[in-house]
Each structure stands twice: as C-alpha cells, then as structure tokens.
file query_32.cif (mmCIF, C-alpha atoms)
data_input
loop_
_atom_site.group_PDB
_atom_site.id
_atom_site.type_symbol
_atom_site.label_atom_id
_atom_site.label_comp_id
_atom_site.auth_asym_id
_atom_site.auth_seq_id
_atom_site.Cartn_x
_atom_site.Cartn_y
_atom_site.Cartn_z
ATOM 1 C CA GLN A 290 159.945 -88.274 -15.268
ATOM 2 C CA VAL A 291 157.968 -91.473 -14.828
ATOM 3 C CA GLN A 292 156.414 -91.881 -11.396
ATOM 4 C CA LEU A 293 154.573 -94.820 -9.899
ATOM 5 C CA VAL A 294 152.080 -94.287 -7.085
ATOM 6 C CA GLU A 295 150.819 -97.263 -5.118
ATOM 7 C CA SER A 296 147.769 -97.556 -2.899
ATOM 8 C CA GLY A 297 145.719 -100.205 -1.147
ATOM 9 C CA GLY A 298 147.985 -101.679 1.502
ATOM 10 C CA GLY A 299 146.982 -102.168 5.108
ATOM 11 C CA LEU A 300 146.348 -104.587 7.927
ATOM 12 C CA VAL A 301 144.239 -107.670 7.283
ATOM 13 C CA GLN A 302 143.520 -110.893 9.126
ATOM 14 C CA PRO A 303 144.727 -114.236 7.787
ATOM 15 C CA GLY A 304 142.383 -115.431 5.066
ATOM 16 C CA GLY A 305 141.408 -111.897 4.172
ATOM 17 C CA SER A 306 141.821 -109.943 0.964
ATOM 18 C CA LEU A 307 143.426 -106.726 -0.223
ATOM 19 C CA ARG A 308 143.695 -105.026 -3.581
ATOM 20 C CA LEU A 309 146.773 -103.011 -4.490
ATOM 21 C CA SER A 310 146.791 -100.417 -7.244
ATOM 22 C CA CYS A 311 149.663 -98.683 -8.984
ATOM 23 C CA ALA A 312 149.204 -95.726 -11.287
ATOM 24 C CA VAL A 313 151.918 -94.647 -13.727
ATOM 25 C CA SER A 314 152.233 -90.924 -14.333
ATOM 26 C CA ALA A 315 153.069 -91.200 -18.044
ATOM 27 C CA SER A 316 151.578 -92.974 -21.023
ATOM 28 C CA ILE A 317 153.749 -95.906 -22.058
ATOM 29 C CA PHE A 318 153.339 -96.931 -25.693
ATOM 30 C CA SER A 319 156.296 -99.251 -26.146
ATOM 31 C CA SER A 320 156.587 -102.842 -24.999
ATOM 32 C CA ASN A 321 156.730 -102.982 -21.244
ATOM 33 C CA ILE A 322 156.274 -105.153 -18.209
ATOM 34 C CA MET A 323 154.508 -104.078 -15.053
ATOM 35 C CA GLY A 324 154.746 -106.017 -11.871
ATOM 36 C CA TRP A 325 154.701 -106.308 -8.115
ATOM 37 C CA TYR A 326 157.597 -107.200 -5.878
ATOM 38 C CA ARG A 327 157.735 -107.504 -2.116
ATOM 39 C CA GLN A 328 160.312 -107.275 0.605
ATOM 40 C CA ALA A 329 159.831 -108.734 4.059
ATOM 41 C CA PRO A 330 161.985 -107.622 7.024
ATOM 42 C CA GLY A 331 165.449 -109.136 6.798
ATOM 43 C CA LYS A 332 164.814 -110.620 3.361
ATOM 44 C CA GLN A 333 165.654 -109.691 -0.192
ATOM 45 C CA ARG A 334 163.107 -108.170 -2.511
ATOM 46 C CA GLU A 335 161.325 -110.878 -4.464
ATOM 47 C CA LEU A 336 159.090 -110.998 -7.511
ATOM 48 C CA VAL A 337 155.395 -111.553 -6.831
ATOM 49 C CA ALA A 338 153.784 -111.207 -10.257
ATOM 50 C CA THR A 339 154.338 -109.539 -13.624
ATOM 51 C CA ILE A 340 152.178 -108.764 -16.628
ATOM 52 C CA THR A 341 153.278 -107.562 -20.047
ATOM 53 C CA ASN A 342 151.454 -104.989 -22.135
ATOM 54 C CA ASN A 343 150.210 -107.959 -24.208
ATOM 55 C CA GLY A 344 148.788 -109.668 -21.138
ATOM 56 C CA ILE A 345 151.376 -112.365 -20.521
ATOM 57 C CA ILE A 346 151.361 -113.118 -16.798
ATOM 58 C CA ASN A 347 153.857 -114.699 -14.448
ATOM 59 C CA TYR A 348 153.467 -115.509 -10.737
ATOM 60 C CA THR A 349 155.857 -116.711 -8.123
ATOM 61 C CA ASP A 350 154.827 -120.166 -6.929
ATOM 62 C CA SER A 351 153.850 -119.100 -3.413
ATOM 63 C CA VAL A 352 151.020 -116.844 -4.627
ATOM 64 C CA LYS A 353 149.610 -118.915 -7.477
ATOM 65 C CA GLY A 354 145.893 -119.479 -7.026
ATOM 66 C CA ARG A 355 145.632 -116.708 -4.436
ATOM 67 C CA PHE A 356 146.835 -113.523 -6.155
ATOM 68 C CA THR A 357 145.679 -112.069 -9.456
ATOM 69 C CA ILE A 358 147.541 -109.396 -11.395
ATOM 70 C CA SER A 359 145.787 -107.272 -13.988
ATOM 71 C CA ARG A 360 146.316 -104.004 -15.801
ATOM 72 C CA HIS A 361 144.386 -101.271 -17.535
ATOM 73 C CA ASN A 362 146.545 -100.014 -20.382
ATOM 74 C CA VAL A 363 144.479 -96.894 -21.066
ATOM 75 C CA LYS A 364 144.623 -95.856 -17.402
ATOM 76 C CA ASN A 365 148.301 -96.913 -17.116
ATOM 77 C CA THR A 366 147.426 -98.803 -13.949
ATOM 78 C CA VAL A 367 148.325 -102.232 -12.634
ATOM 79 C CA TYR A 368 146.446 -104.070 -9.897
ATOM 80 C CA LEU A 369 147.163 -106.945 -7.543
ATOM 81 C CA GLN A 370 144.170 -108.712 -6.035
ATOM 82 C CA MET A 371 145.345 -110.698 -3.035
ATOM 83 C CA ASN A 372 143.046 -113.329 -1.567
ATOM 84 C CA SER A 373 143.521 -115.950 1.147
ATOM 85 C CA LEU A 374 146.300 -113.876 2.636
ATOM 86 C CA LYS A 375 148.773 -115.545 4.964
ATOM 87 C CA PRO A 376 151.077 -114.085 7.638
ATOM 88 C CA GLU A 377 154.027 -114.904 5.379
ATOM 89 C CA ASP A 378 152.627 -112.467 2.804
ATOM 90 C CA THR A 379 153.492 -109.625 5.192
ATOM 91 C CA ALA A 380 155.911 -107.292 3.416
ATOM 92 C CA VAL A 381 156.328 -103.953 1.733
ATOM 93 C CA TYR A 382 154.932 -104.324 -1.772
ATOM 94 C CA TYR A 383 156.549 -102.378 -4.591
ATOM 95 C CA CYS A 384 155.169 -101.632 -8.019
ATOM 96 C CA ASN A 385 157.616 -101.917 -10.925
ATOM 97 C CA LEU A 386 157.595 -100.735 -14.523
ATOM 98 C CA HIS A 387 160.211 -102.103 -16.902
ATOM 99 C CA PHE A 388 160.625 -100.611 -20.383
ATOM 100 C CA ASN A 389 163.403 -99.317 -22.617
ATOM 101 C CA LEU A 390 165.865 -101.293 -20.478
ATOM 102 C CA LEU A 391 165.014 -99.176 -17.436
ATOM 103 C CA ASP A 392 163.247 -100.003 -14.181
ATOM 104 C CA TYR A 393 160.972 -97.628 -12.323
ATOM 105 C CA TRP A 394 159.743 -98.248 -8.789
ATOM 106 C CA GLY A 395 156.972 -97.030 -6.590
ATOM 107 C CA GLN A 396 157.525 -95.948 -3.008
ATOM 108 C CA GLY A 397 156.112 -99.151 -1.570
ATOM 109 C CA THR A 398 152.989 -99.959 0.401
ATOM 110 C CA GLN A 399 152.897 -102.010 3.600
ATOM 111 C CA VAL A 400 150.798 -105.169 3.728
ATOM 112 C CA THR A 401 150.476 -106.781 7.152
ATOM 113 C CA VAL A 402 148.635 -110.044 7.647
ATOM 114 C CA SER A 403 148.015 -110.676 11.314
ATOM 115 C CA SER A 404 145.287 -111.662 13.733
#
call {"tool": "encode", "arguments": {"input": "query_32.cif", "output": "structure tokens"}}
result
Amino acid sequence: QVQLVESGGGLVQPGGSLRLSCAVSASIFSSNIMGWYRQAPGKQRELVATITNNGIINYTDSVKGRFTISRHNVKNTVYLQMNSLKPEDTAVYYCNLHFNLLDYWGQGTQVTVSS
C-alpha cells in the first residue's frame, strides 16, 4: 500500500515562507507525477504545482514566481517551497502521486497565512 505523509504546514504572516514535504512510503520506478493541491474552505480542490519523474514542472498561475516544487527521486520525496505567502494561499495542502493510472493522496496539511 502506497502512503504519502506530509509535513511542514503551519501559521505564517503575509510575506512569509513555508516549506512543505511529502514522503512516499514505496519506491516508484515507473513514470509518475507528484504534485501539490490545495483546498480552501468552501472551494474545490485545485492544482498548485506538479513535477514529473523527469523534472517537467507545471504551476498554477497564482503561484508562479512565488512557489517552487522539487523532488528527490531517491528519497521518494516531493517539496513545495512557498515564498511571499498571501492570505489567499490559506488552505489545506494535499500531496498527490499519480502513476499506473491511479492517484494517491496524503492526509493534508493546513497552511494559514494571517497577521
């Protein structure tokens, strides 16, 4: 069973930074995509950023220039460095692994941006 464990959320002031991490419990050798999604209260879950095992990256427009996604394939870990955080970034952030036509999700980690 593949499990994803996230860490790094918390409360930060506007303009601050946080780094999220997501560790996958199994070694994934086939083509895959890892990513971060978020869900704010009363809103649908939305894509934040994805990165393939070959390093192809995609960001949603609202985080471009502020967030950076990266991954360590040997450690089976994906990261999200979030800088210049805004109140509208407040949400539960979920890690996602997509491979073999299946999606796996982490439990979510709360990010709150507030003064």
call {"tool": "residues_around", "arguments": {"input": "query_32.cif", "residues": "A:Asn362", "least_positions_apart": "6", "cutoff": "12 Å", "atoms": "all atoms listed in the file", "output": "ChimeraX atom specification"}}
result
/A:311-313,315-323,340-344,368
call {"tool": "closest_residue", "arguments": {"input": "query_32.cif", "among": "A:Gly299, A:Gly354, A:Gly324, A:Pro330", "to": "A:Ser403", "atoms": "all atoms listed in the file"}}
result
A:Gly299
call {"tool": "resolve_selection", "arguments": {"input": "query_32.cif", "expression": "the PyMOL selection byres ((chain A and resi 351) around 12)", "output": "PyMOL selection string"}}
result
chain A and resi 335-338+347-350+352-356+371+373-375+377-378
call {"tool": "residues_around", "arguments": {"input": "query_32.cif", "residues": "A:Lys332", "least_positions_apart": "2", "cutoff": "12 Å", "atoms": "only C-alpha atoms", "output": "PyMOL selection string"}}
result
chain A and resi 327-330+334-335+377+379-381
call {"tool": "atom_distance", "arguments": {"input": "query_32.cif", "atom1": "atom CA of A:Ile345", "atom2": "atom CA of A:Gly297"}}
result
23.6 Å
call {"tool": "resolve_selection", "arguments": {"input": "query_32.cif", "expression": "the PyMOL selection byres ((chain A and resi 309) around 10)", "output": "list in words"}}
result
Glu295, Ser296, Gly297, Gly298, Gly299, Leu307, Arg308, Ser310, Cys311, Trp325, Ile358, Val367, Tyr368, Leu369, Gln370, Met371, Tyr382, Tyr383, Cys384, Thr398 and Val400 of chain A
call {"tool": "atom_distance", "arguments": {"input": "query_32.cif", "atom1": "atom CA of A:Ser314", "atom2": "atom CA of A:Gln290"}}
result
8.2 Å
call {"tool": "axis_aligned_box", "arguments": {"input": "query_32.cif", "around": "stretch 302-316 of chain A", "padding_each_side": "5 Å", "output": "AutoDock Vina command-line options"}}
result
--center_x 147.2 --center_y -103.2 --center_z -5.9 --size_x 21.7 --size_y 34.5 --size_z 40.1
call {"tool": "atom_distance", "arguments": {"input": "query_32.cif", "atom1": "atom CA of A:Val301", "atom2": "atom CA of A:Asn365"}}
result
27.0 Å
